[in-house]
$ cat my_file-v1.json   # JSON, C-alpha atoms and all ligand atoms
[["chain", "number", "residue", "atom", "x", "y", "z"],
["A", 1, "MET", "CA", 31.38, 15.99, 43.22],
["A", 2, "LEU", "CA", 30.64, 19.71, 42.97],
["A", 3, "LYS", "CA", 31.56, 19.71, 39.29],
["A", 4, "LYS", "CA", 29.11, 16.87, 38.67],
["A", 5, "TYR", "CA", 26.39, 18.75, 40.51],
["A", 6, "GLN", "CA", 27.08, 21.89, 38.45],
["A", 7, "GLN", "CA", 26.94, 19.92, 35.20],
["A", 8, "GLN", "CA", 23.62, 18.35, 36.23],
["A", 9, "THR", "CA", 22.17, 21.72, 37.19],
["A", 10, "LEU", "CA", 23.31, 23.15, 33.85],
["A", 11, "ALA", "CA", 21.79, 20.19, 31.97],
["A", 12, "ILE", "CA", 18.42, 20.83, 33.63],
["A", 13, "GLU", "CA", 18.60, 24.54, 32.81],
["A", 14, "LEU", "CA", 19.25, 23.65, 29.17],
["A", 15, "LEU", "CA", 16.62, 20.91, 28.96],
["A", 16, "LYS", "CA", 14.04, 23.23, 30.54],
["A", 17, "ARG", "CA", 14.59, 25.50, 27.54],
["A", 18, "HIS", "CA", 14.07, 22.56, 25.16],
["A", 19, "ALA", "CA", 17.71, 22.37, 24.10],
["A", 20, "ARG", "CA", 18.49, 19.36, 21.93],
["A", 21, "VAL", "CA", 19.80, 16.40, 23.94],
["A", 22, "LYS", "CA", 22.85, 16.24, 21.66],
["A", 23, "ILE", "CA", 23.81, 19.81, 22.52],
["A", 24, "VAL", "CA", 23.29, 19.21, 26.25],
["A", 25, "HIS", "CA", 25.49, 16.13, 25.99],
["A", 26, "GLN", "CA", 28.17, 18.10, 24.19],
["A", 27, "VAL", "CA", 28.14, 20.90, 26.75],
["A", 28, "THR", "CA", 27.86, 18.86, 29.98],
["A", 29, "GLY", "CA", 29.40, 15.50, 29.06],
["A", 30, "ILE", "CA", 26.38, 13.73, 30.61],
["A", 31, "PRO", "CA", 25.40, 10.59, 28.61],
["A", 32, "ILE", "CA", 22.47, 10.83, 26.17],
["A", 33, "LYS", "CA", 20.23, 8.28, 27.91],
["A", 34, "PRO", "CA", 19.78, 10.01, 31.29],
["A", 35, "LEU", "CA", 19.37, 13.31, 29.43],
["A", 36, "ARG", "CA", 16.49, 11.86, 27.41],
["A", 37, "GLN", "CA", 14.90, 10.56, 30.61],
["A", 38, "THR", "CA", 15.22, 13.96, 32.26],
["A", 39, "TYR", "CA", 13.72, 15.65, 29.19],
["A", 40, "ARG", "CA", 10.72, 13.30, 29.43],
["A", 41, "GLN", "CA", 10.31, 14.04, 33.14],
["A", 42, "LEU", "CA", 10.40, 17.78, 32.54],
["A", 43, "HIS", "CA", 8.15, 17.98, 29.49],
["A", 44, "GLY", "CA", 6.04, 14.82, 29.64],
["A", 45, "ARG", "CA", 7.12, 13.77, 26.17],
["A", 46, "SER", "CA", 10.19, 12.52, 24.35],
["A", 47, "PRO", "CA", 12.67, 14.98, 22.86],
["A", 48, "THR", "CA", 12.13, 15.78, 19.17],
["A", 49, "PRO", "CA", 14.39, 13.66, 16.99],
["A", 50, "GLY", "CA", 16.16, 15.05, 13.97],
["A", 51, "SER", "CA", 19.34, 16.87, 13.21],
["A", 52, "ILE", "CA", 20.52, 20.24, 14.39],
["A", 53, "LYS", "CA", 21.11, 22.99, 11.85],
["A", 54, "PHE", "CA", 24.82, 23.45, 11.41],
["A", 55, "SER", "CA", 25.06, 27.13, 10.61],
["A", 56, "THR", "CA", 23.31, 30.43, 10.99],
["A", 57, "ARG", "CA", 22.79, 30.53, 7.22],
["A", 58, "GLY", "CA", 20.47, 27.53, 7.48],
["A", 59, "LEU", "CA", 18.29, 29.47, 9.94],
["A", 60, "THR", "CA", 17.62, 32.70, 8.04],
["A", 61, "GLY", "CA", 15.47, 31.39, 5.15],
["A", 62, "SER", "CA", 12.76, 34.04, 5.39],
["A", 63, "ARG", "CA", 12.72, 37.72, 6.29],
["A", 64, "ARG", "CA", 10.99, 36.91, 9.54],
["A", 65, "LYS", "CA", 13.53, 34.21, 10.45],
["A", 66, "TYR", "CA", 16.40, 36.54, 9.60],
["A", 67, "LYS", "CA", 14.89, 39.09, 11.96],
["A", 68, "ASP", "CA", 14.55, 36.52, 14.76],
["A", 69, "VAL", "CA", 18.16, 35.45, 14.36],
["A", 70, "THR", "CA", 19.33, 39.07, 14.33],
["A", 71, "LEU", "CA", 17.40, 39.93, 17.49],
["A", 72, "PHE", "CA", 18.89, 36.96, 19.30],
["A", 73, "ALA", "CA", 22.37, 37.87, 18.01],
["A", 74, "VAL", "CA", 22.04, 41.34, 19.54],
["A", 75, "CYS", "CA", 20.95, 39.84, 22.90],
["A", 76, "TYR", "CA", 23.84, 37.40, 22.72],
["A", 77, "ARG", "CA", 26.40, 40.10, 22.04],
["A", 78, "VAL", "CA", 25.33, 41.98, 25.16],
["A", 79, "ALA", "CA", 25.31, 38.81, 27.30],
["A", 80, "ALA", "CA", 28.66, 37.62, 25.94],
["A", 81, "SER", "CA", 30.35, 40.91, 26.77],
["A", 82, "LYS", "CA", 29.35, 40.42, 30.43],
["A", 83, "LEU", "CA", 29.95, 36.67, 30.59],
["A", 84, "ALA", "CA", 33.00, 36.44, 28.36],
["A", 85, "ASP", "CA", 34.44, 33.27, 29.89],
["A", 86, "ASP", "CA", 31.17, 31.33, 30.17],
["A", 87, "GLN", "CA", 29.69, 30.89, 26.72],
["A", 88, "ILE", "CA", 26.85, 28.56, 27.62],
["A", 89, "GLN", "CA", 25.70, 30.86, 30.43],
["A", 90, "ALA", "CA", 25.80, 33.73, 27.93],
["A", 91, "VAL", "CA", 23.55, 31.74, 25.57],
["A", 92, "ILE", "CA", 21.08, 31.02, 28.40],
["A", 93, "THR", "CA", 21.03, 34.68, 29.50],
["A", 94, "ALA", "CA", 20.68, 35.91, 25.91],
["A", 95, "PHE", "CA", 17.95, 33.38, 25.10],
["A", 96, "ASP", "CA", 15.93, 34.41, 28.16],
["A", 97, "ALA", "CA", 16.37, 38.10, 27.25],
["A", 98, "TYR", "CA", 15.30, 37.37, 23.66],
["A", 99, "LYS", "CA", 12.20, 35.45, 24.79],
["A", 100, "HIS", "CA", 11.35, 38.16, 27.28],
["A", 101, "SER", "CA", 11.77, 41.01, 24.77],
["A", 102, "TYR", "CA", 10.17, 39.22, 21.82],
["A", 103, "PRO", "CA", 7.60, 36.75, 23.17],
["A", 104, "PHE", "CA", 6.47, 35.98, 19.61],
["A", 105, "GLY", "CA", 9.96, 35.22, 18.38],
["A", 106, "ASN", "CA", 10.30, 31.75, 16.90],
["A", 107, "LEU", "CA", 13.95, 30.98, 17.48],
["A", 108, "ASP", "CA", 14.37, 27.90, 19.67],
["A", 109, "PHE", "CA", 17.23, 27.29, 22.07],
["A", 110, "SER", "CA", 19.16, 24.93, 19.82],
["A", 111, "ALA", "CA", 19.07, 27.42, 16.95],
["A", 112, "ALA", "CA", 20.18, 30.13, 19.37],
["A", 113, "TRP", "CA", 23.12, 27.97, 20.35],
["A", 114, "VAL", "CA", 24.15, 27.54, 16.69],
["A", 115, "VAL", "CA", 23.98, 31.32, 16.17],
["A", 116, "SER", "CA", 26.07, 31.94, 19.29],
["A", 117, "GLU", "CA", 28.76, 29.53, 18.03],
["A", 118, "ASP", "CA", 28.91, 31.39, 14.70],
["A", 119, "ILE", "CA", 29.22, 34.75, 16.46],
["A", 120, "LYS", "CA", 31.94, 33.37, 18.73],
["A", 121, "ASP", "CA", 33.82, 32.02, 15.70],
["A", 122, "LYS", "CA", 33.25, 35.36, 13.88],
["A", 123, "LYS", "CA", 31.47, 33.64, 10.99],
["A", 124, "VAL", "CA", 28.62, 36.17, 11.31],
["A", 125, "GLN", "CA", 28.75, 39.72, 12.62],
["A", 126, "VAL", "CA", 26.28, 42.05, 14.24],
["A", 127, "SER", "CA", 26.32, 45.47, 12.62],
["A", 128, "ILE", "CA", 24.11, 48.49, 11.96],
["A", 129, "CYS", "CA", 22.26, 49.33, 8.75],
["A", 130, "PRO", "CA", 23.68, 52.59, 7.34],
["A", 131, "HIS", "CA", 20.24, 53.51, 5.94],
["A", 132, "CYS", "CA", 17.89, 53.05, 8.92],
["A", 133, "ARG", "CA", 20.28, 52.30, 11.83],
["A", 134, "ALA", "CA", 18.57, 48.97, 12.59],
["A", 135, "TRP", "CA", 20.63, 45.99, 13.75],
["A", 136, "VAL", "CA", 21.71, 43.69, 10.95],
["A", 137, "LEU", "CA", 23.59, 40.41, 10.87],
["A", 138, "LEU", "CA", 26.30, 40.15, 8.23],
["A", 139, "ASN", "CA", 27.28, 36.97, 6.42],
["A", 140, "ALA", "CA", 24.20, 35.24, 7.80],
["A", 141, "ARG", "CA", 22.09, 34.76, 4.67],
["A", 142, "GLU", "CA", 22.03, 31.64, 2.60],
["A", 143, "ASP", "CA", 22.14, 33.57, -0.70],
["A", 144, "LEU", "CA", 24.80, 35.90, 0.74],
["A", 145, "VAL", "CA", 22.89, 38.98, -0.43],
["A", 146, "GLU", "CA", 23.39, 41.50, 2.36],
["A", 147, "ARG", "CA", 20.06, 43.24, 2.95],
["A", 148, "CYS", "CA", 18.69, 45.05, 5.98],
["A", 149, "GLY", "CA", 15.85, 43.08, 7.64],
["A", 150, "VAL", "CA", 13.97, 46.29, 8.43],
["A", 151, "CYS", "CA", 14.29, 48.72, 5.47],
["A", 152, "ASN", "CA", 15.28, 45.98, 2.97],
["A", 153, "ASN", "CA", 18.05, 48.14, 1.46],
["A", 154, "TYR", "CA", 21.30, 46.57, 0.33],
["A", 155, "LEU", "CA", 24.11, 46.93, 2.80],
["A", 201, "ZN", "ZN", 17.91, 49.34, 7.18]]
$ encode --input "my_file-v1.json" --output "structure tokens"
Amino acid sequence: MLKKYQQQTLAIELLKRHARVKIVHQVTGIPIKPLRQTYRQLHGRSPTPGSIKFSTRGLTGSRRKYKDVTLFAVCYRVAASKLADDQIQAVITAFDAYKHSYPFGNLDFSAAWVVSEDIKDKKVQVSICPHCRAWVLLNAREDLVERCGVCNNYL
């Protein structure tokens, strides 16, 4: 009973942040249909159809996007170190911190979730540029050319 309540509360927290219904289903186990209905109640429109990007590399197509992903990754790393055994709560905390710190950032919640999975699985790594000391994200670019998002030097 309590577990169910917790899952429902979590689903609402995720849907409020426009998480994809598929992701919410995966995380909470709640069926797709009631999740879609809840999304409509919260936002007054149907959830956006379409597929979710599968990897961080698909999200870093431009310099600006790479920067957005890197900023979220830094927020996630901090949140994950405090909430080590609760990944989804770490994503929510990191996403809120990202939105708060960078109100013009374009990364949506579902993309943030994909990035957090890749960090957790160590497919991408947060590091520091040796030239300008800015945060960089390694192994995150589609062309695999490692460049700093700030000073543009090769890493
Ligand atoms: Zn740099």
$ closest_atom_pairs --input "my_file-v1.json" --of "chain A" --to "ligand ZN 201 (chain A)" --cutoff "8 Å" --atoms "all atoms listed in the file" --output "JSON lines"
{"residue": "A:Ile128", "atom": "CA", "partner": "A:ZN201", "partner_atom": "ZN", "distance": 7.9}
{"residue": "A:Cys129", "atom": "CA", "partner": "A:ZN201", "partner_atom": "ZN", "distance": 4.6}
{"residue": "A:Pro130", "atom": "CA", "partner": "A:ZN201", "partner_atom": "ZN", "distance": 6.6}
{"residue": "A:His131", "atom": "CA", "partner": "A:ZN201", "partner_atom": "ZN", "distance": 4.9}
{"residue": "A:Cys132", "atom": "CA", "partner": "A:ZN201", "partner_atom": "ZN", "distance": 4.1}
{"residue": "A:Arg133", "atom": "CA", "partner": "A:ZN201", "partner_atom": "ZN", "distance": 6.0}
{"residue": "A:Ala134", "atom": "CA", "partner": "A:ZN201", "partner_atom": "ZN", "distance": 5.5}
{"residue": "A:Trp135", "atom": "CA", "partner": "A:ZN201", "partner_atom": "ZN", "distance": 7.9}
{"residue": "A:Val136", "atom": "CA", "partner": "A:ZN201", "partner_atom": "ZN", "distance": 7.8}
{"residue": "A:Arg147", "atom": "CA", "partner": "A:ZN201", "partner_atom": "ZN", "distance": 7.7}
{"residue": "A:Cys148", "atom": "CA", "partner": "A:ZN201", "partner_atom": "ZN", "distance": 4.5}
{"residue": "A:Gly149", "atom": "CA", "partner": "A:ZN201", "partner_atom": "ZN", "distance": 6.6}
{"residue": "A:Val150", "atom": "CA", "partner": "A:ZN201", "partner_atom": "ZN", "distance": 5.1}
{"residue": "A:Cys151", "atom": "CA", "partner": "A:ZN201", "partner_atom": "ZN", "distance": 4.1}
{"residue": "A:Asn152", "atom": "CA", "partner": "A:ZN201", "partner_atom": "ZN", "distance": 6.0}
{"residue": "A:Asn153", "atom": "CA", "partner": "A:ZN201", "partner_atom": "ZN", "distance": 5.8}
{"residue": "A:Leu155", "atom": "CA", "partner": "A:ZN201", "partner_atom": "ZN", "distance": 8.0}
$ residues_near_point --input "my_file-v1.json" --point "(22.3, 14.1, 24.9)" --cutoff "12 Å" --atoms "all atoms listed in the file" --output "PyMOL selection string"
chain A and resi 11-12+14-15+18-39+47-49
$ atom_distance --input "my_file-v1.json" --atom1 "CA of Leu138 in chain A" --atom2 "CA of Val126 in chain A"
6.3 Å
$ residues_around --input "my_file-v1.json" --residues "Arg77 in chain A" --least-positions-apart "4" --cutoff "12 Å" --atoms "all atoms listed in the file" --output "list in words"
Thr70, Leu71, Phe72, Ala73, Ser81, Lys82, Leu83, Ala84, Gln87, Ala90, Val91, Thr93, Ala94, Phe95, Ala97, Tyr98, Val115, Ser116, Glu117, Asp118, Ile119, Lys120, Lys122, Val124, Gln125, Val126, Ser127, Trp135 and Leu137 of chain A
$ atom_distance --input "my_file-v1.json" --atom1 "CA of Ser101 in chain A" --atom2 "CA of Val69 in chain A"
13.4 Å
$ atom_distance --input "my_file-v1.json" --atom1 "CA of Val78 in chain A" --atom2 "CA of Asp96 in chain A"
12.4 Å
$ closest_residue --input "my_file-v1.json" --among "A:Asp86, A:Ala79, A:Asp68, A:Asn139" --to "Asp108 in chain A" --atoms "only C-alpha atoms"
A:Asp68
$ closest_residue --input "my_file-v1.json" --among "A:Leu42, A:Leu2, A:Val114, A:Ile52" --to "Ala140 in chain A" --atoms "only C-alpha atoms"
A:Val114
$ closest_residue --input "my_file-v1.json" --among "A:Gln8, A:Ser51, A:Ser62, A:Gln89" --to "Ser110 in chain A" --atoms "only C-alpha atoms"
A:Ser51
